[in-house]
Amino acid sequence: MSALAELPQLERRTLADTAYEALSDLLASGRLAPGDRLSLRQSAAALGVSVMPVREAVSRLVADGVLEVAATRAIRVPIMTAQDFRALAETRMAVEGMAAARAAERRSEPELVAIRKAEAAFRLAAASAQPDSTLAVRLNRDLHFAIYAACGLEPLHAIIARLWLKAGPVINLDLRAHPERLLQGFALRRHAEALGAIEAQNGPAAAAAIAADIREAADFILSRGGLRDA
């Protein structure tokens with residue numbers, strides 16, 4: 001029938017794709033920490049699927065370098081060295097700064113509204129007398145990605161998402177041990193600067209604010225000595 005030719009192509013998604021996205025979200029949002037083990041059976045039960053699609057998703061994450069198979073065959077989040085974390089932070093500063101600059105220069109009004117809402121949600125959580133560090137990590141991720149979603153470059157957005165799969169667990173580990181970092185207000189100030197720059201469509205200022213946010217968080221984490229040397 002000629003009418004069928006007008007139908008849009010549906011996105012082909014598998015259970016393994018869904019499992020990959022769910023496990024990726026656990027990593028990027030900081031709900032897994034370095035050294036945490038991941039059970040295939042428990043993950044499958046939580047997702048309501050068989051073990052097979054979870055095994056396929058885990059294999060992809062191992063290939064991405066964000067999960068590893070230990071000598072005991074256990075699947076776990078890698079324990080990052082201080083040297084590797086420094087390299088990751090410097091890479092994020094460059095790449096995410098670029099995305100923030102483009103977002104400031106080309107953001108639409110709906111995208112700006114989404115960024116404002118995400119900044120307000122993080123500010124409310126971080127300014128609490130007893131902040132929930134796990135929630136704050138997730139809201140911090142949501143704000144950053146609200147900004148990067150406005151950059152207009154899907155390949156750049158995908159690169160950043162891959163970097164966050166490695167960064168999220170380390171940030172989570174830090175906040176578990178040092179929740180007082182939220183109370184110091186560094187992230188709140190940098191986020192406010194980024195939002196102001198995006199509102200003013202000032203690309204260089206947006207890039208500088210995001211880069212400073214990443215650098216200060218990395219400096220704090222490294223100063224606490226929680227990551228082993230190579």
# chains A, B, ... in the order shown; residues from 1 in each chain; ligands from 1
call {"tool": "residues_around", "arguments": {"residues": "Ala206 of chain A", "least_positions_apart": "2", "cutoff": "9 Å", "atoms": "only C-alpha atoms", "output": "PyMOL selection string"}}
result
chain A and resi 97-98+100-104+193-198+201-204+208-211
call {"tool": "residues_around", "arguments": {"residues": "Ser59 of chain A", "least_positions_apart": "2", "cutoff": "12 Å", "atoms": "only C-alpha atoms", "output": "PyMOL selection string"}}
result
chain A and resi 16-17+19-20+23+40+52-57+61-69+75-76
call {"tool": "atom_distance", "arguments": {"atom1": "atom CA of Ile221 of chain A", "atom2": "atom CA of Ala89 of chain A"}}
result
10.9 Å
call {"tool": "select_by_dssp", "arguments": {"residues": "segment 82-204 of chain A", "states": "alpha helix (DSSP H)", "output": "VMD selection string"}}
result
chain A and resid 82 to 106 109 to 126 133 to 148 154 to 177 180 to 184 186 to 199 203 to 204
call {"tool": "closest_residue", "arguments": {"among": "A:Leu38, A:Ala118, A:Met93, A:Leu188", "to": "Ile160 of chain A", "atoms": "only C-alpha atoms"}}
result
A:Met93
call {"tool": "closest_residue", "arguments": {"among": "A:Leu15, A:Leu26, A:Pro110, A:Leu156", "to": "Arg141 of chain A", "atoms": "only C-alpha atoms"}}
result
A:Leu26
call {"tool": "residues_around", "arguments": {"residues": "Pro34 of chain A", "least_positions_apart": "2", "cutoff": "9 Å", "atoms": "only C-alpha atoms", "output": "list in words"}}
result
Leu32, Asp36, Arg37, Arg76, Val77, Pro78, Ile79, Met80, Pro169, Val170, Asn172 and Leu173 of chain A
